[in-house]
Each structure stands twice: as structure tokens, then as C-alpha cells.
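S.K.: This structure is in C-alpha cells; I'll ask about it shortly.
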Amino acid sequence: MVGLAAAFGSGAMTNSIAEIEDADCIFVTGSNTTSSHPLVATRIFRAMAKGAKVIVADPRKIQLALKADIYVRQRLGTDVALLNGIMHAIIKNNWHDKAFVEERCEGFEEFSKVIDNYPPEKVSEITGVAADDIVKIAEYYAKAKAASIVYCMGITQHTTGVDNVKSLANLAMLTGNMGKESTGVNPLRGQNNVQGACDMGGLPNVYSGYQAVNVIDNQTKFEKAWGAKLSDQIGLTIPFMLSGLSEGKVKALYAVGENPMVSDPDVGHVEKALKKAELLVVQDIFLTPTAELAHVVLPGTSFAEKDGTFTNTERRVQLLRKAIEPVGEAKADWEIIQELSNRFGYEMNYESAEDIMKEISTLTPSYGGITYERLDGDGLAWPCPDKDHPGTKFLHKDKFARGLGLFHAIEYQPPAEVVDDEYPFWLSTGRVHVHYHTGTMSRVSPSLHAEMPEGSLEMHPEDGSRLGVRQGEKVKVASRRGEIVAKVTLTDRVDPGVVFMPFHFAETCANVLTNPAHDPTAKIPEYKVCAVKVEKAA
Amino acid sequence: MDYKTVLTTCAYCGCGCGLYLEVLDGRLIGTLPSKTNPINEGKLCVKGWNIHEFVQHPERITKPLIRKNGTLTEASWDEALDYTASKLKEIKEAHGSDSIGFLASAKVTNEENYLIMKFARAAVGTNNVDHCARL
């Protein structure tokens with residue numbers, strides 16, 4: 001999101017899901033769309049049926065790769081090089097949209113100097129993708145009338161995650177595929193309300209609606225509305241809260257619906273940090289591995305037991321309606337916070353979730369026109385600044401949120417950890433179609449559990465026979481951070497030398513292995529690349 | 001027998017598909033896709049079709065828990081909330097507002113995320129608020 005905000009001025013999916021089906025070229029990279037966002041994949045299949053060209057670039061031969069017009073398998077962590085190579089071919093062949101670049105963007109000259117250094121032949125050596133394929137991708141994408149980019153965590157979960165996103169933004173601006181129907185740069189958000197949690201200021205640097213905490217006007221506005229003195233110091237991100245706990249600077253952690261004991265990189269380190277907390281409060285619906293370490297566990301409610309709103313990946317705010325009473329003595333999460341706040345000495349008096357939304361809309365310009373009454377039906381996509389505004393289907397129509405779109409000149413950098421003699425395999429992690437995040441909400445479902453009861457390590461059959469491991473046998477997988485034992489799935493979805501593991505399973509927890517090295521700006525860890533060794537388990 | 005369907009929004013990924021939860025005598029018994037929702041237009045994925053299954057699972061936490069002598073023990077809401085509030089106050093006074101961190105959540109509602117960050121910022125006085133957008 002940081003990358004898109006720097007390039008365009010707004011960090012969200014630029015276009016809507018429905019528009020994807022009218023694109024005539026779709027470039028999917030770092031998104032296993034059929035598994036993680038099946039209803040977005042439906043739109044891609046519809047576009048294909050209407051004749052759209054589909055390009056897939058992914059180190060794993062995902063289902064969509066089998067249907068794509070071009071599929072390329074770049075080496076892990078070489079996305080910037082690949083994208084620069086594509087843009088090199090576009091500029092060299094004069095396929096770029098010069099009018100769009102001139103009128104709507106800035107920074108092109110410095111950017112194109114860097115691109116000069118990425119001829120397809122050189123890029124081919126870095127990425128392992130054939131030079132001809134790079135030129136073909138460039139031609140399909142640049143010559144399309146409306147080309148749409150779809151990406152997900154395969155792009156962002158790298159030490160160069162922000163660079164990867166900025167490179168995709170460069171590609172879209174270079175070809176004028178921005179600010180119109182069925183184009184744009186479209187990050188698919190993984191968790192159901194991750195867009196909303198960001199929009200609502202669940203971040204260390206902003207209030208709701210991305211209003212910076214260190215801008216005095218914003219601080220004054222919220223101080224007045226909330227009747228409290230506020231801090232202008234940017235707060236800590238999760239990795240720094242954890243290291244703060246380890247160092248003793250952070251004493252208490254209050255976690256709502258989060259499970260860092262499965263979701264965060266280098267889980268061994270996370271456990272040590274959480275155990276040092278003087279107070280760990282976990283508000284959740286299941287006793288997660290994180291909750292098991294807590295001093296206090298507060299039973300919250302699932303989506304079915306309360307009213308409220310979620311904001312989906314295309315910025316659409318939609319209603320959640322209470323279907324059943326909370327189980328046992330569980331309470332809606334907003335009621336728990338309110339009761340705690342009142343006991344803490346800061347008064348809150350909301351009668352309902354709708355009451356809270358009324359306050360949100362007065363303090364958050366992009367949600368200014370959102371009311372429960374208006375959400376009934378199809379919901380509303382923000383920005384929706386006032387009561388008469390119909391919501392916004394796609395962003396950056398006549399100008400970018402930041403004014404001019406900004407090209408970034410970006411050089412390729414290798415991942416933080418690379419394979420060597422001791423740790424010769426590349427490990428990447430991701431989702432499977434039947435499970436959700438740390439598995440707490442999906443592994444308890446009998447139907448979903450039956451589809452995939454446990455995690456396994458995907459490995460190429462050649463590597464399997466070299467190690468003497470057969471389908472379903474157990475292997476020990478170790479990185480510099482820890483080791484786990486898991487069953488093997490032999491498949492050519494991965495290249496020889498590359499292994500893959502889903503991250504939903506606490507007992508074969510892929511994040512025991514992953515590298516907490518993170519992007520310097522977005523602080524996102526490099527889940528998608530680390531080095532491991534694999535041997536047959538005794 | 002009291003049967004009803006309740007139109008709501010799926011919680012399994014960022015697509016936000018519209019669905020009806022089928023409720024019989026206060027229990028969720030099934031899920032049906034919404035035909036008019038602009039995202040899913042009458043379809044659901046394997047997770048969506050089964051989303052009612054996790055909600056009333058026997059492993060749900062149904063009472064507040066407090067660690068006593070090393071073990072998480074059932075407690076009343078009054079006890080759990082009073083303990084949490086007083087402990088937070090004590091830590092704030094001894095070590096300052098920035099010694100407390102909050103994890104908001106990509107799984108709870110907008111209203112709840114707003115309230116968590118308001119509590120952190122206005123009541124406790126820290127901007128140490130983050131969630132797993134990066135994970």
C-alpha cells in the first residue's frame with residue numbers, strides 16, 4: 001500500500017472487481033487467484049471467454065498458469081528485474097503511451113535511465129525467464145486497449161515489496177492503463193477486512209481515512225472530537241512492538257483477533273517476546289496459540305453474531321447483520337472495548353455499531369457519505385465524501401490523488417537470504433483454497449478440514465528422488481531460525497530447487513522457518529523467500 | 001420451529017461476497033449465496049459455502065479467562081475487565097503510554113477497528129496501533 005500511495009497518492013485497489021471481466025489483457029503476478037480469491041478468478045475466466053489475453057508470472061505453476069496465454073516462472077524475489085525488462089521492451093518498441101506519460105505523470109526521465117539497464121537478455125539471466133517471453137508480455141500488455149494488473153502477497157511479502165509495487169505502478173502509468181475502466185493496479189487484500197482495518201486507522205501513523213498523526217491540523221481535529229490530548233509521535237509496527245517486548249521497552253500488548261504465534265515470521269522469536277510481556281491480553285473467538293500465552297483472554301464474536309461493516313478489497317463498504325446471539329458469554333468486540341474504556345476512565349457511550357459509524361463518517365472524509373441506510377443493497381465504495389455521492393468505482397480518473405503520477409527509478413536487489421551449500425532450497429509460503437490465514441476459522445470447519453487436514457511441503461519430483469523421499473513421506477525442513485517436520489507432496493508446481501508450504505497449520509508452522517527481514521519502508525516481512533535445507537525425516 | 005435467513009457479508013477473504021446465513025432455532029445451519037450482490041452474483045467458493053460451520057464450534061471461547069497460578073481460569077466479565085483496566089493503568093503510570101501496544105484486526109468490523117484505535121490513542125495515549133496488513 002505504501003508503494004501505491006507513493007506513486008498515485010492512494011493505496012488501494014484502483015478498479016473494481018467487476019471491471020476485470022472487461023479488460024482485454026490481465027497480468028496476474030504474485031496472486032494465486034483461484035485459491036485465495038476465487039470470485040475474482042471468476043472475472044478473469046469471464047474475461048478469457050471474451051477473448052482477453054492472460055499473462056501469469058509466478059514462481060509456482062498455479063492453476064491460472066495452466067490457462068494463461070503466457071506463463072513465466074521467474075526466480076523467487078526477481079520481480080523488479082522482470083518488470084524492468086518488460087518496460088525496457090515497451091519503451092524500446094515505442095509501445096508506451098507518450099501522451100499519458102507527459103500529461104499525467106512525472107519522474108519519467110530518471111526512471112527511463114534505469115530501465116535502459118534492463119535489456120531482456122540481461123533480465124533473462126537474473127530471472128530465468130526467456131527474453132522472447134519478456135518481449136511478448138510487453139507486447140500483449142502494452143498493446144491492449146484496457147490492461148489490468150492483479151497482484152497479491154507474492155509481490156508485497158519481500159524485502160523489496162515496496163519496490164515491486166512501485167514497479168507495477170510504473171508499468172501501468174507507462175502504458176496509460178490507469179484512471180479508466182478495466183485497467184489499473186489491483187492489489188487483492190487477503191483478509192476480509194484488511195482494507196477496513198487500514199481505513200479505520202489501525203496503523204501506527206494515521207487516524208481513520210489515512211490522516212497522518214504528525215500533522216497538527218489532524219491532531220487538533222481529533223483532539224477536539226475525542227476530548228483527549230493525543231500524541232504526534234508515530235507508533236510502533238508489529239515487528240517493533242515484538243522487539244520492544246524482548247528489550248523490555250514495551251510492557252503490554254493488547255491483541256484483537258490476531259495470532260502472531262502462527263502468522264508472524266520466525267515464530268520462535270515471537271514466542272520469546274510475548275512471554276516477556278507484563279500483560280498480554282487476547283480478544284479472540286478461539287483459544288489460539290497466541291491466546292494460550294495470554295494473561296487475560298476475552299471472548300469476542302464472529303461475523304455472524306453482530307452488526308457492523310466490512311470494507312472489501314475494492315473499497316466497497318458492506319453491512320454485516322447479526323444472525324444469532326453471541327455464543328456463551330461472548331460479546332461483540334466493540335462492546336468489550338467500550339466497557340474496558342469506561343473502566344479505564346475514558347468514557348464511551350455507543351448504543352450500537354451504527355452509532356460508531358456516525359462518528360466515523362464525521363471524522364473521515366472518504367467515509368463522509370456512508371450511512372447504514374445507504375449501505376443497504378450493494379454497499380458503497382469509497383471515496384464517498386457526502387450523502388449524495390454515489391461512491392467511486394475506479395480511482396485516479398482525470399488526475400491522480402497526488403496530482404501527477406510519480407515514476408520511481410528502481411534497481412533490482414536480490415532477496416535478503418539466498419541459497420547456499422548449507423541451505424540449498426528456496427522456500428516460499430502461501431495459501432491453499434480451503435483454509436484461511438492461521439487456520440483458526442477454517443480448520444474447525446468439518447467440510448474444510450476434510451478437504452485438507454494437514455499442511456505439506458511441495459517439492460519437485462526430481463528433488464524428491466534425489467533425497468530418496470516418496471509421496472507422503474516425512475521430511476525435516478530447517479532454516480537458520482528453526483525446523484519442522486512435514487509430509488511431502490511431489491509436484492511440478494514448483495521448480496527443482498524450490499519448495500513451497502502453506503502457512504495455515506500451527507503444527508507444521510511454516511513461519512518457524514521464514515525470515516523476519518523486512519521491507520525498509522512497509523516493514524512487511526519476506527515470507528515469500530528464504531533458504532532452507534530438506535532431508536528425509538528419521 | 002423458527003427459521004430465518006439473514007443477509008450478510010462473507011468473512012473468509014477480501015472479496016466480500018454477499019450471502020444468507022440460514023438460522024434454525026438460533027443455530028446456523030447453512031449458507032446460501034446472494035444473487036444480487038455485485039461481487040459474487042449468486043456464486044460462492046468452497047470456503048463461503050461452509051462459513052456457518054466454524055461459528056458455533058464447541059471449541060469457541062465462551063467465558064473470559066484470567067491466568068491464575070499459571071493456568072487460564074474462567075472468570076466473570078467484571079473481574080476480567082477490571083483486572084485488564086487496572087493493569088493497563090498501572091503499566092501506563094509506571095512506564096508511560098508508549099509501553100503499551102495494540103493489535104487491531106483485519107477480522108473484526110470497521111466500527112471495532114475504529115474503537116480499538118480510539119481507545120489506544122485517546123484513552124491510553126499511544127500511536128502503537130498496528131494489524132497484520134503485512135502478513
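Ligands are numbered from 1 in the order shown, chains are lettered A, B, ... in the order of the C-alpha cells, and residues start at 1 in each chain.
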Could you list, as an MDAnalysis selection string, every residue within 8 Å of Gly176 (chain A), counting only C-alpha atoms and ignoring same-chain residues fewer than 6 positions away?

M.R.: chainID A and resid 96:97 100:101

S.K.: Suppose we keep C-alpha atoms; can you now write the selection as a CSV table (one decimal), in the first residue's frame?

M.R.:
chain,number,residue,atom,x,y,z
A,96,HIS,CA,4.3,3.3,-24.4
A,97,ASP,CA,1.5,5.9,-24.1
A,100,PHE,CA,-0.4,9.9,-20.8
A,101,VAL,CA,3.2,9.9,-19.5

S.K.: Which polymer residues have any atom within 7 Å of an atom of Asn128 (chain B), counting only C-alpha atoms, with same-chain residues fewer than 3 positions away left out, as number ranges by chain?

M.R.: A: 204, 235-236; B: 98, 101-102

S.K.: Store the residues of this selection in a file with N, CA and C atoms, as a PDB file, in the first residue's frame.

M.R.:
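Written out: part-v2.pdb:
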ATOM      1  N   PRO A 204       0.112   2.620  12.786  1.00  0.00           N
ATOM      2  CA  PRO A 204       0.808   3.483  13.756  1.00  0.00           C
ATOM      3  C   PRO A 204       0.961   4.946  13.337  1.00  0.00           C
ATOM      4  N   GLY A 235       3.700   5.657  15.947  1.00  0.00           N
ATOM      5  CA  GLY A 235       3.830   4.499  16.838  1.00  0.00           C
ATOM      6  C   GLY A 235       4.622   3.359  16.224  1.00  0.00           C
ATOM      7  N   LEU A 236       4.614   2.233  16.924  1.00  0.00           N
ATOM      8  CA  LEU A 236       5.394   1.071  16.511  1.00  0.00           C
ATOM      9  C   LEU A 236       4.583   0.137  15.618  1.00  0.00           C
TER      10      LEU A 236
ATOM     11  N   ASP B  98       3.607   4.829  25.812  1.00  0.00           N
ATOM     12  CA  ASP B  98       4.205   4.099  24.696  1.00  0.00           C
ATOM     13  C   ASP B  98       4.787   2.745  25.091  1.00  0.00           C
ATOM     14  N   GLY B 101       1.155  -1.607  23.561  1.00  0.00           N
ATOM     15  CA  GLY B 101       0.904  -1.750  22.131  1.00  0.00           C
ATOM     16  C   GLY B 101      -0.447  -2.388  21.870  1.00  0.00           C
ATOM     17  N   PHE B 102      -1.050  -2.046  20.738  1.00  0.00           N
ATOM     18  CA  PHE B 102      -2.360  -2.597  20.369  1.00  0.00           C
ATOM     19  C   PHE B 102      -2.308  -3.233  18.991  1.00  0.00           C
TER      20      PHE B 102
END

S.K.: Using only C-alpha atoms, determine which residues lie at most 10 Å from Thr73 (chain B), disregarding the query and same-chain residues fewer than 2 positions distant; provide the list as a list in words.

M.R.: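 Counting only C-alpha atoms, the residues come to His295, Val296 and Val297 of chain A; Lys63, Pro64, Leu65, Ile66, Arg67, Lys68, Asn69, Gly70, Thr71 and Ala75 of chain B.
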
S.K.: Would you write out those residues with N, CA and C atoms, as a PDB file, in the first residue's frame?

M.R.:
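As written to disk, result35.pdb reads:
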ATOM      1  N   HIS A 295      -2.338 -13.425  29.541  1.00  0.00           N
ATOM      2  CA  HIS A 295      -2.737 -13.295  30.946  1.00  0.00           C
ATOM      3  C   HIS A 295      -4.251 -13.169  31.058  1.00  0.00           C
ATOM      4  N   VAL A 296      -4.848 -12.526  30.035  1.00  0.00           N
ATOM      5  CA  VAL A 296      -6.304 -12.397  30.006  1.00  0.00           C
ATOM      6  C   VAL A 296      -6.790 -12.731  28.601  1.00  0.00           C
ATOM      7  N   VAL A 297      -7.836 -13.544  28.526  1.00  0.00           N
ATOM      8  CA  VAL A 297      -8.445 -13.861  27.235  1.00  0.00           C
ATOM      9  C   VAL A 297      -9.900 -13.395  27.285  1.00  0.00           C
TER      10      VAL A 297
ATOM     11  N   LYS B  63     -16.294 -17.874  27.789  1.00  0.00           N
ATOM     12  CA  LYS B  63     -16.189 -17.088  29.026  1.00  0.00           C
ATOM     13  C   LYS B  63     -14.825 -16.412  29.072  1.00  0.00           C
ATOM     14  N   PRO B  64     -14.725 -15.254  29.741  1.00  0.00           N
ATOM     15  CA  PRO B  64     -13.406 -14.638  29.912  1.00  0.00           C
ATOM     16  C   PRO B  64     -12.486 -15.566  30.708  1.00  0.00           C
ATOM     17  N   LEU B  65     -11.197 -15.475  30.436  1.00  0.00           N
ATOM     18  CA  LEU B  65     -10.213 -16.292  31.138  1.00  0.00           C
ATOM     19  C   LEU B  65      -9.128 -15.385  31.724  1.00  0.00           C
ATOM     20  N   ILE B  66      -8.711 -15.706  32.938  1.00  0.00           N
ATOM     21  CA  ILE B  66      -7.589 -14.981  33.553  1.00  0.00           C
ATOM     22  C   ILE B  66      -6.567 -16.020  34.010  1.00  0.00           C
ATOM     23  N   ARG B  67      -5.278 -15.707  33.808  1.00  0.00           N
ATOM     24  CA  ARG B  67      -4.239 -16.638  34.246  1.00  0.00           C
ATOM     25  C   ARG B  67      -4.070 -16.539  35.764  1.00  0.00           C
ATOM     26  N   LYS B  68      -4.320 -17.673  36.418  1.00  0.00           N
ATOM     27  CA  LYS B  68      -4.156 -17.732  37.878  1.00  0.00           C
ATOM     28  C   LYS B  68      -3.247 -18.902  38.195  1.00  0.00           C
ATOM     29  N   ASN B  69      -2.186 -18.656  38.937  1.00  0.00           N
ATOM     30  CA  ASN B  69      -1.189 -19.689  39.237  1.00  0.00           C
ATOM     31  C   ASN B  69      -0.738 -20.413  37.968  1.00  0.00           C
ATOM     32  N   GLY B  70      -0.533 -19.648  36.914  1.00  0.00           N
ATOM     33  CA  GLY B  70      -0.002 -20.230  35.682  1.00  0.00           C
ATOM     34  C   GLY B  70      -1.035 -20.829  34.742  1.00  0.00           C
ATOM     35  N   THR B  71      -2.302 -20.918  35.170  1.00  0.00           N
ATOM     36  CA  THR B  71      -3.297 -21.562  34.319  1.00  0.00           C
ATOM     37  C   THR B  71      -4.413 -20.588  33.945  1.00  0.00           C
ATOM     38  N   ALA B  75     -13.412 -16.707  34.347  1.00  0.00           N
ATOM     39  CA  ALA B  75     -13.663 -15.575  35.247  1.00  0.00           C
ATOM     40  C   ALA B  75     -14.914 -14.851  34.768  1.00  0.00           C
TER      41      ALA B  75
END

S.K.: Neighbours of Asn177 (chain A) within 9 Å (only C-alpha atoms; same-chain residues fewer than 6 positions away dropped), as a PyMOL selection string?

M.R.: chain A and resi 97+142+145-148+171+183-185

S.K.: Can you pull out every residue within 9 Å of region 79-94 of chain B, counting only C-alpha atoms, but drop anything in the same chain fewer than 4 positions away, and send it as a PyMOL selection string?

M.R.: (chain A and resi 251-252+278-279+281+296-298+336+339-345) or (chain B and resi 64-66+75+98-100+124)

S.K.: Would you mind telling me which residue in B:Leu103, B:Cys10, B:Leu32, B:Leu19 lies nearest to chain A when using only C-alpha atoms?

M.R.: B:Leu103

S.K.: When distances are computed from only C-alpha atoms, which of B:Tyr3, B:Trp77, B:Phe54, B:Trp49 shows the smallest separation from chain A?

M.R.: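 Going through B:Tyr3, B:Trp77, B:Phe54, B:Trp49 one by one, the smallest distance to chain A is for B:Phe54.
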
S.K.: Contacts of region 60-66 of chain A at 7 Å or less, counting only C-alpha atoms, minus same-chain residues fewer than 5 places along, as a short mmCIF file (atom, residue, chain, number, x, y, z; two decimals) with C-alpha atoms, in the first residue's frame?

M.R.:
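Saved the output as out_15.cif:
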data_model
loop_
_atom_site.label_atom_id
_atom_site.label_comp_id
_atom_site.auth_asym_id
_atom_site.auth_seq_id
_atom_site.Cartn_x
_atom_site.Cartn_y
_atom_site.Cartn_z
CA ASN A 32 -2.80 -17.43 -6.66
CA THR A 34 -8.20 -19.25 -7.94
CA TYR A 71 3.05 -18.23 -18.23
CA ARG A 73 8.20 -18.68 -13.87
CA ARG A 493 4.00 -26.86 -9.47
CA VAL A 494 7.40 -25.86 -8.10
#

S.K.: Using only C-alpha atoms, which protein or nucleic acid residues come within 8 Å of Glu325 (chain A)? Drop anything in the same chain fewer than 3 positions from it, and give the result as number ranges by chain.

M.R.: A: 305-306, 322; B: 26

S.K.: Could you state the separation of CA of Glu526 (chain A) and CA of Val419 (chain A) in Å, given to one decimal place?

M.R.: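 Separating CA of Glu526 (chain A) from CA of Val419 (chain A) is a distance of 14.4 Å.
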